[in-house]
$ cat target-v4.pdb   # PDB, C-alpha atoms and all ligand atoms
ATOM      1  CA  MET A1059     -20.120   1.419 222.522  1.00  0.00           C
ATOM      2  CA  LYS A1060     -16.936   2.905 223.926  1.00  0.00           C
ATOM      3  CA  LYS A1061     -15.145   2.200 220.686  1.00  0.00           C
ATOM      4  CA  VAL A1062     -17.812   3.941 218.643  1.00  0.00           C
ATOM      5  CA  LEU A1063     -17.587   7.033 220.852  1.00  0.00           C
ATOM      6  CA  MET A1064     -13.835   7.072 220.548  1.00  0.00           C
ATOM      7  CA  VAL A1065     -13.962   6.845 216.774  1.00  0.00           C
ATOM      8  CA  ALA A1066     -16.540   9.622 216.733  1.00  0.00           C
ATOM      9  CA  ALA A1067     -14.272  11.764 218.917  1.00  0.00           C
ATOM     10  CA  ILE A1068     -11.249  11.148 216.691  1.00  0.00           C
ATOM     11  CA  VAL A1069     -13.224  11.896 213.533  1.00  0.00           C
ATOM     12  CA  SER A1070     -14.568  15.123 215.016  1.00  0.00           C
ATOM     13  CA  LEU A1071     -11.062  16.100 216.158  1.00  0.00           C
ATOM     14  CA  LEU A1072      -9.676  15.490 212.688  1.00  0.00           C
ATOM     15  CA  PHE A1073     -12.505  17.430 211.145  1.00  0.00           C
ATOM     16  CA  THR A1074     -12.008  20.393 213.484  1.00  0.00           C
ATOM     17  CA  GLY A1075      -8.276  20.314 212.839  1.00  0.00           C
ATOM     18  CA  VAL A1076      -8.687  20.440 209.070  1.00  0.00           C
ATOM     19  CA  ALA A1077     -11.397  23.106 209.209  1.00  0.00           C
ATOM     20  CA  GLY A1078      -9.207  25.167 211.548  1.00  0.00           C
ATOM     21  CA  ALA A1079      -6.245  25.015 209.192  1.00  0.00           C
ATOM     22  CA  VAL A1080      -8.333  26.124 206.235  1.00  0.00           C
ATOM     23  CA  GLU A1081      -9.828  28.976 208.201  1.00  0.00           C
ATOM     24  CA  GLU A1082      -6.496  30.304 209.347  1.00  0.00           C
ATOM     25  CA  THR A1083      -5.445  31.393 205.874  1.00  0.00           C
ATOM     26  CA  ALA A1084      -8.875  32.455 204.637  1.00  0.00           C
ATOM     27  CA  GLU A1085      -9.687  34.466 207.750  1.00  0.00           C
ATOM     28  CA  THR A1086      -6.720  36.805 207.829  1.00  0.00           C
ATOM     29  CA  THR A1087      -5.923  39.439 205.239  1.00  0.00           C
ATOM     30  CA  VAL A1088      -2.510  41.042 205.477  1.00  0.00           C
ATOM     31  CA  LEU A1089      -2.854  44.723 204.613  1.00  0.00           C
ATOM     32  CA  PHE A1090       0.770  45.773 204.981  1.00  0.00           C
ATOM     33  CA  ASP A1091       3.765  43.459 205.206  1.00  0.00           C
ATOM     34  CA  PHE A1092       6.522  45.927 204.197  1.00  0.00           C
ATOM     35  CA  GLU A1093       8.169  43.294 202.016  1.00  0.00           C
ATOM     36  CA  ASN A1094       8.437  45.637 199.017  1.00  0.00           C
ATOM     37  CA  GLY A1095       8.503  49.099 200.519  1.00  0.00           C
ATOM     38  CA  LEU A1096       6.653  51.340 202.941  1.00  0.00           C
ATOM     39  CA  GLN A1097       3.384  50.876 201.001  1.00  0.00           C
ATOM     40  CA  GLY A1098       2.293  54.458 201.646  1.00  0.00           C
ATOM     41  CA  TRP A1099       3.092  54.622 205.355  1.00  0.00           C
ATOM     42  CA  ASP A1100       4.639  57.860 206.507  1.00  0.00           C
ATOM     43  CA  ILE A1101       5.210  60.116 209.483  1.00  0.00           C
ATOM     44  CA  PRO A1102       2.322  62.630 209.511  1.00  0.00           C
ATOM     45  CA  ASP A1103       3.430  66.236 208.881  1.00  0.00           C
ATOM     46  CA  TRP A1104       1.920  67.537 212.123  1.00  0.00           C
ATOM     47  CA  ALA A1105       4.019  65.091 214.125  1.00  0.00           C
ATOM     48  CA  TYR A1106       7.226  66.762 212.933  1.00  0.00           C
ATOM     49  CA  GLU A1107       5.961  70.064 214.289  1.00  0.00           C
ATOM     50  CA  LYS A1108       4.981  68.815 217.744  1.00  0.00           C
ATOM     51  CA  PRO A1109       7.843  68.841 220.255  1.00  0.00           C
ATOM     52  CA  ASP A1110       6.344  65.880 222.130  1.00  0.00           C
ATOM     53  CA  HIS A1111       6.571  63.712 218.999  1.00  0.00           C
ATOM     54  CA  VAL A1112      10.045  62.285 218.651  1.00  0.00           C
ATOM     55  CA  GLN A1113       9.978  59.891 215.711  1.00  0.00           C
ATOM     56  CA  GLU A1114      12.889  60.686 213.427  1.00  0.00           C
ATOM     57  CA  ARG A1115      12.539  58.584 210.293  1.00  0.00           C
ATOM     58  CA  ILE A1116      11.038  55.421 208.891  1.00  0.00           C
ATOM     59  CA  ALA A1117      12.439  52.883 206.459  1.00  0.00           C
ATOM     60  CA  VAL A1118      12.039  49.269 205.432  1.00  0.00           C
ATOM     61  CA  SER A1119      14.338  46.963 207.376  1.00  0.00           C
ATOM     62  CA  ASP A1120      15.346  43.324 207.031  1.00  0.00           C
ATOM     63  CA  LYS A1121      16.698  43.094 210.585  1.00  0.00           C
ATOM     64  CA  PHE A1122      13.519  41.830 212.225  1.00  0.00           C
ATOM     65  CA  SER A1123      10.141  40.681 210.920  1.00  0.00           C
ATOM     66  CA  SER A1124       7.093  38.871 212.220  1.00  0.00           C
ATOM     67  CA  GLU A1125       5.953  38.017 208.679  1.00  0.00           C
ATOM     68  CA  GLY A1126       8.139  37.533 205.616  1.00  0.00           C
ATOM     69  CA  THR A1127      11.630  39.017 205.902  1.00  0.00           C
ATOM     70  CA  ASN A1128      11.053  42.781 206.151  1.00  0.00           C
ATOM     71  CA  SER A1129       9.327  45.193 208.493  1.00  0.00           C
ATOM     72  CA  LEU A1130       8.900  48.931 208.934  1.00  0.00           C
ATOM     73  CA  GLN A1131      11.594  50.477 211.112  1.00  0.00           C
ATOM     74  CA  MET A1132      10.741  53.670 212.999  1.00  0.00           C
ATOM     75  CA  ASP A1133      13.663  55.442 214.647  1.00  0.00           C
ATOM     76  CA  VAL A1134      12.650  57.241 217.824  1.00  0.00           C
ATOM     77  CA  SER A1135      14.364  59.331 220.445  1.00  0.00           C
ATOM     78  CA  PHE A1136      12.427  59.292 223.709  1.00  0.00           C
ATOM     79  CA  PRO A1137      14.203  61.589 226.184  1.00  0.00           C
ATOM     80  CA  GLY A1138      12.398  60.180 229.249  1.00  0.00           C
ATOM     81  CA  GLY A1139      11.006  62.296 232.074  1.00  0.00           C
ATOM     82  CA  LYS A1140       7.983  63.475 230.086  1.00  0.00           C
ATOM     83  CA  TRP A1141       5.359  62.105 227.731  1.00  0.00           C
ATOM     84  CA  THR A1142       6.693  61.664 224.215  1.00  0.00           C
ATOM     85  CA  GLY A1143       5.457  59.609 221.299  1.00  0.00           C
ATOM     86  CA  GLY A1144       6.469  58.379 217.890  1.00  0.00           C
ATOM     87  CA  ILE A1145       3.784  57.972 215.257  1.00  0.00           C
ATOM     88  CA  ILE A1146       3.339  56.599 211.738  1.00  0.00           C
ATOM     89  CA  GLU A1147       0.253  56.482 209.566  1.00  0.00           C
ATOM     90  CA  ILE A1148      -1.303  55.389 206.309  1.00  0.00           C
ATOM     91  CA  MET A1149      -4.085  57.341 204.658  1.00  0.00           C
ATOM     92  CA  GLN A1150      -6.332  55.044 202.658  1.00  0.00           C
ATOM     93  CA  PHE A1151     -10.046  54.227 202.469  1.00  0.00           C
ATOM     94  CA  PHE A1152     -10.896  50.831 203.905  1.00  0.00           C
ATOM     95  CA  ASP A1153     -14.164  48.943 204.134  1.00  0.00           C
ATOM     96  CA  TRP A1154     -13.695  46.220 206.721  1.00  0.00           C
ATOM     97  CA  SER A1155     -17.355  45.147 206.898  1.00  0.00           C
ATOM     98  CA  ASP A1156     -16.380  41.494 206.578  1.00  0.00           C
ATOM     99  CA  TYR A1157     -13.767  41.639 209.308  1.00  0.00           C
ATOM    100  CA  GLY A1158     -13.885  41.632 213.097  1.00  0.00           C
ATOM    101  CA  LYS A1159     -10.385  42.666 214.176  1.00  0.00           C
ATOM    102  CA  ILE A1160      -7.403  44.744 213.208  1.00  0.00           C
ATOM    103  CA  ALA A1161      -3.963  43.677 214.404  1.00  0.00           C
ATOM    104  CA  CYS A1162      -0.286  44.501 214.013  1.00  0.00           C
ATOM    105  CA  ASP A1163       2.989  43.330 215.538  1.00  0.00           C
ATOM    106  CA  ILE A1164       5.621  45.556 217.174  1.00  0.00           C
ATOM    107  CA  TYR A1165       9.153  44.638 218.142  1.00  0.00           C
ATOM    108  CA  LEU A1166      11.427  46.488 220.539  1.00  0.00           C
ATOM    109  CA  PRO A1167      15.072  45.339 220.399  1.00  0.00           C
ATOM    110  CA  LEU A1168      16.540  43.557 223.379  1.00  0.00           C
ATOM    111  CA  ASP A1169      18.529  46.602 224.517  1.00  0.00           C
ATOM    112  CA  GLY A1170      15.340  48.668 224.733  1.00  0.00           C
ATOM    113  CA  PRO A1171      13.801  49.598 228.094  1.00  0.00           C
ATOM    114  CA  GLU A1172      10.803  48.184 229.917  1.00  0.00           C
ATOM    115  CA  GLY A1173       7.766  50.455 229.997  1.00  0.00           C
ATOM    116  CA  LEU A1174       7.336  51.708 226.447  1.00  0.00           C
ATOM    117  CA  LYS A1175       3.773  51.360 225.211  1.00  0.00           C
ATOM    118  CA  ALA A1176       1.961  51.205 221.893  1.00  0.00           C
ATOM    119  CA  ALA A1177      -1.538  51.641 220.537  1.00  0.00           C
ATOM    120  CA  MET A1178      -3.360  51.933 217.237  1.00  0.00           C
ATOM    121  CA  ILE A1179      -5.535  54.853 216.212  1.00  0.00           C
ATOM    122  CA  LEU A1180      -8.166  54.826 213.466  1.00  0.00           C
ATOM    123  CA  THR A1181      -9.603  57.801 211.610  1.00  0.00           C
ATOM    124  CA  VAL A1182     -13.233  56.985 210.965  1.00  0.00           C
ATOM    125  CA  GLY A1183     -16.141  58.279 208.885  1.00  0.00           C
ATOM    126  CA  ASP A1184     -16.840  61.469 206.959  1.00  0.00           C
ATOM    127  CA  LYS A1185     -16.026  63.611 209.995  1.00  0.00           C
ATOM    128  CA  TRP A1186     -12.549  62.080 210.072  1.00  0.00           C
ATOM    129  CA  LYS A1187     -12.981  61.181 213.739  1.00  0.00           C
ATOM    130  CA  TRP A1188      -9.722  60.387 215.513  1.00  0.00           C
ATOM    131  CA  VAL A1189     -10.357  57.193 217.465  1.00  0.00           C
ATOM    132  CA  GLU A1190      -7.687  55.876 219.806  1.00  0.00           C
ATOM    133  CA  MET A1191      -7.592  52.399 221.305  1.00  0.00           C
ATOM    134  CA  SER A1192      -8.979  52.342 224.814  1.00  0.00           C
ATOM    135  CA  ARG A1193      -5.975  50.376 226.026  1.00  0.00           C
ATOM    136  CA  SER A1194      -2.298  50.402 225.242  1.00  0.00           C
ATOM    137  CA  TYR A1195       0.073  47.460 224.986  1.00  0.00           C
ATOM    138  CA  GLU A1196       3.357  47.295 226.861  1.00  0.00           C
ATOM    139  CA  LEU A1197       6.330  46.564 224.616  1.00  0.00           C
ATOM    140  CA  LYS A1198       8.723  43.874 225.791  1.00  0.00           C
ATOM    141  CA  PRO A1199      12.425  44.093 224.890  1.00  0.00           C
ATOM    142  CA  GLY A1200      13.369  41.283 222.532  1.00  0.00           C
ATOM    143  CA  GLU A1201       9.775  40.167 221.862  1.00  0.00           C
ATOM    144  CA  TRP A1202       7.108  40.758 219.261  1.00  0.00           C
ATOM    145  CA  VAL A1203       3.949  42.145 220.842  1.00  0.00           C
ATOM    146  CA  THR A1204       0.632  41.903 218.986  1.00  0.00           C
ATOM    147  CA  LEU A1205      -1.863  44.755 219.190  1.00  0.00           C
ATOM    148  CA  VAL A1206      -5.467  43.771 218.490  1.00  0.00           C
ATOM    149  CA  GLY A1207      -8.585  45.913 218.207  1.00  0.00           C
ATOM    150  CA  ASP A1208     -12.113  44.548 217.969  1.00  0.00           C
ATOM    151  CA  LEU A1209     -14.027  46.206 215.108  1.00  0.00           C
ATOM    152  CA  LYS A1210     -17.438  44.629 215.634  1.00  0.00           C
ATOM    153  CA  PRO A1211     -20.506  46.543 216.798  1.00  0.00           C
ATOM    154  CA  GLY A1212     -20.421  46.983 220.567  1.00  0.00           C
ATOM    155  CA  SER A1213     -16.611  46.806 220.734  1.00  0.00           C
ATOM    156  CA  ILE A1214     -15.134  48.538 223.782  1.00  0.00           C
ATOM    157  CA  ASP A1215     -11.632  48.671 222.326  1.00  0.00           C
ATOM    158  CA  TRP A1216     -11.967  52.252 221.051  1.00  0.00           C
ATOM    159  CA  ARG A1217     -12.150  55.429 223.070  1.00  0.00           C
ATOM    160  CA  ARG A1218     -15.033  57.902 223.088  1.00  0.00           C
ATOM    161  CA  VAL A1219     -16.985  56.209 220.329  1.00  0.00           C
ATOM    162  CA  GLN A1220     -19.994  53.927 220.096  1.00  0.00           C
ATOM    163  CA  VAL A1221     -18.880  51.222 217.733  1.00  0.00           C
ATOM    164  CA  ASP A1222     -21.805  50.378 215.460  1.00  0.00           C
ATOM    165  CA  ASP A1223     -22.161  48.688 212.084  1.00  0.00           C
ATOM    166  CA  SER A1224     -20.938  51.707 210.157  1.00  0.00           C
ATOM    167  CA  PHE A1225     -17.687  52.017 212.133  1.00  0.00           C
ATOM    168  CA  ARG A1226     -15.695  49.436 210.190  1.00  0.00           C
ATOM    169  CA  GLN A1227     -17.187  50.384 206.815  1.00  0.00           C
ATOM    170  CA  ASP A1228     -15.423  53.699 206.502  1.00  0.00           C
ATOM    171  CA  ILE A1229     -11.905  53.715 207.895  1.00  0.00           C
ATOM    172  CA  ARG A1230      -9.740  56.465 206.426  1.00  0.00           C
ATOM    173  CA  LYS A1231      -6.444  56.231 208.233  1.00  0.00           C
ATOM    174  CA  ILE A1232      -4.522  53.852 210.450  1.00  0.00           C
ATOM    175  CA  ASP A1233      -1.980  55.285 212.872  1.00  0.00           C
ATOM    176  CA  ILE A1234       0.387  53.361 215.111  1.00  0.00           C
ATOM    177  CA  ARG A1235       1.879  55.204 218.047  1.00  0.00           C
ATOM    178  CA  VAL A1236       4.622  54.112 220.405  1.00  0.00           C
ATOM    179  CA  PHE A1237       5.060  56.250 223.491  1.00  0.00           C
ATOM    180  CA  SER A1238       7.020  56.794 226.652  1.00  0.00           C
ATOM    181  CA  ASN A1239       4.787  57.970 229.457  1.00  0.00           C
ATOM    182  CA  ASN A1240       7.251  59.962 231.569  1.00  0.00           C
ATOM    183  CA  LYS A1241       9.726  57.286 232.358  1.00  0.00           C
ATOM    184  CA  PRO A1242      11.674  55.275 229.856  1.00  0.00           C
ATOM    185  CA  ALA A1243      14.310  56.964 227.735  1.00  0.00           C
ATOM    186  CA  TYR A1244      15.209  55.185 224.512  1.00  0.00           C
ATOM    187  CA  THR A1245      16.928  56.177 221.329  1.00  0.00           C
ATOM    188  CA  GLY A1246      16.873  53.563 218.609  1.00  0.00           C
ATOM    189  CA  PRO A1247      14.671  51.582 216.284  1.00  0.00           C
ATOM    190  CA  ILE A1248      11.245  50.015 216.763  1.00  0.00           C
ATOM    191  CA  TYR A1249       9.943  47.534 214.205  1.00  0.00           C
ATOM    192  CA  ILE A1250       6.352  47.177 212.982  1.00  0.00           C
ATOM    193  CA  ASP A1251       5.055  44.403 210.758  1.00  0.00           C
ATOM    194  CA  ASN A1252       2.071  42.413 209.559  1.00  0.00           C
ATOM    195  CA  VAL A1253      -0.734  44.952 209.763  1.00  0.00           C
ATOM    196  CA  ARG A1254      -3.749  42.775 209.173  1.00  0.00           C
ATOM    197  CA  ILE A1255      -7.475  42.328 209.501  1.00  0.00           C
ATOM    198  CA  GLU A1256      -9.068  39.146 210.764  1.00  0.00           C
ATOM    199  CA  LYS A1257     -12.550  37.689 210.516  1.00  0.00           C
TER     200      LYS A1257
HETATM  201 CA    CA A1301       6.952  41.634 206.750  1.00  0.00          CA
END
$ encode --input "target-v4.pdb" --output "structure tokens" --more "lines below"
Ligand SMILES: [Ca+2]
Amino acid sequence: MKKVLMVAAIVSLLFTGVAGAVEETAETTVLFDFENGLQGWDIPDWAYEKPDHVQERIAVSDKFSSEGTNSLQMDVSFPGGKWTGGIIEIMQFFDWSDYGKIACDIYLPLDGPEGLKAAMILTVGDKWKWVEMSRSYELKPGEWVTLVGDLKPGSIDWRRVQVDDSFRQDIRKIDIRVFSNNKPAYTGPIYIDNVRIEK
């Protein structure tokens, strides 16, 4: 009896393992990997005009990556002592009906400060509603940090919006913002990679 149970357990473990491996590739779609260019990402025009936005330029870099060999490098110059942000965006129509999450990875070099934060922002629907994440993620010097937002109906990951079925069907822009809330000063690069949706 014991033996039969053990075999059953091993078989079910094997089965789960194989199913898991298959799912992992089928369940994630990489939207932007920056392997062959910026793929339409840019600094929005308005951000150049706002004194509290301090991103300077973006480019493809092969210095750090969380996927493949390249990432998007955003150079920022946070003076510290006041709120400042650096922002990049892509304008494109997306229907993510089949997906439950959006994610991206952000890397702050080892000589960067503690305390910088990051969040994603979506522009949603025919009113072009600007929808920020309800939480921000703290960047860690020398580490990749993954930002994840739940897209499913009832999600509480987005500010001032009731996430229903239509939310993920009509996404018009993705923005990624890194910011210094009063304290940390930092002038240098920040790397972004592997913008993806997951089932
Ligand atoms: Ca990449």
$ closest_residue --input "target-v4.pdb" --among "A:Gly1173, A:Gly1126, A:Pro1137, A:Pro1102" --to "Phe1090 of chain A" --atoms "all atoms listed in the file"
A:Gly1126
$ resolve_selection --input "target-v4.pdb" --expression "the PyMOL selection byres (((not hetatm)) within 10 of (chain A and resi 1301))" --output "list in words"
Val1088, Phe1090, Asp1091, Phe1092, Glu1093, Asn1094, Gly1095, Val1118, Ser1119, Asp1120, Phe1122, Ser1123, Ser1124, Glu1125, Gly1126, Thr1127, Asn1128, Ser1129, Leu1130, Asp1163, Tyr1249, Ile1250, Asp1251, Asn1252 and Val1253 of chain A
$ closest_residue --input "target-v4.pdb" --among "A:Asp1228, A:Asp1133, A:Asp1156, A:Glu1201" --to "Ile1248 of chain A" --atoms "all atoms listed in the file"
A:Asp1133
$ resolve_selection --input "target-v4.pdb" --expression "the PyMOL selection byres (((chain A and resi 1196) around 9) and not hetatm)" --output "PDB file with C-alpha atoms, in the coordinates of the input"
ATOM      1  CA  GLU A1172      10.803  48.184 229.917  1.00  0.00           C
ATOM      2  CA  GLY A1173       7.766  50.455 229.997  1.00  0.00           C
ATOM      3  CA  LEU A1174       7.336  51.708 226.447  1.00  0.00           C
ATOM      4  CA  LYS A1175       3.773  51.360 225.211  1.00  0.00           C
ATOM      5  CA  ALA A1176       1.961  51.205 221.893  1.00  0.00           C
ATOM      6  CA  SER A1194      -2.298  50.402 225.242  1.00  0.00           C
ATOM      7  CA  TYR A1195       0.073  47.460 224.986  1.00  0.00           C
ATOM      8  CA  LEU A1197       6.330  46.564 224.616  1.00  0.00           C
ATOM      9  CA  LYS A1198       8.723  43.874 225.791  1.00  0.00           C
ATOM     10  CA  VAL A1203       3.949  42.145 220.842  1.00  0.00           C
TER      11      VAL A1203
END
$ resolve_selection --input "target-v4.pdb" --expression "the PyMOL selection byres (((chain A and resi 1213-1225) around 8) and not hetatm)" --output "PyMOL selection string"
chain A and resi 1155+1182-1183+1189-1193+1207-1212+1226-1229
$ closest_residue --input "target-v4.pdb" --among "A:Phe1237, A:Tyr1165, A:Trp1202, A:Tyr1244" --to "Ile1145 of chain A" --atoms "only C-alpha atoms"
A:Phe1237
$ atom_distance --input "target-v4.pdb" --atom1 "atom CA of Trp1188 of chain A" --atom2 "atom CA of Arg1235 of chain A"
13.0 Å
$ closest_residue --input "target-v4.pdb" --among "A:Gly1158, A:Leu1205, A:Asn1240, A:Glu1256" --to "Trp1141 of chain A" --atoms "all atoms listed in the file"
A:Asn1240
$ closest_residue --input "target-v4.pdb" --among "A:Trp1154, A:Leu1089, A:Pro1242, A:Asp1100" --to "Gly1138 of chain A" --atoms "all atoms listed in the file"
A:Pro1242
$ closest_residue --input "target-v4.pdb" --among "A:Glu1147, A:Asp1103, A:Asp1110, A:Asp1169" --to "Asp1233 of chain A" --atoms "only C-alpha atoms"
A:Glu1147
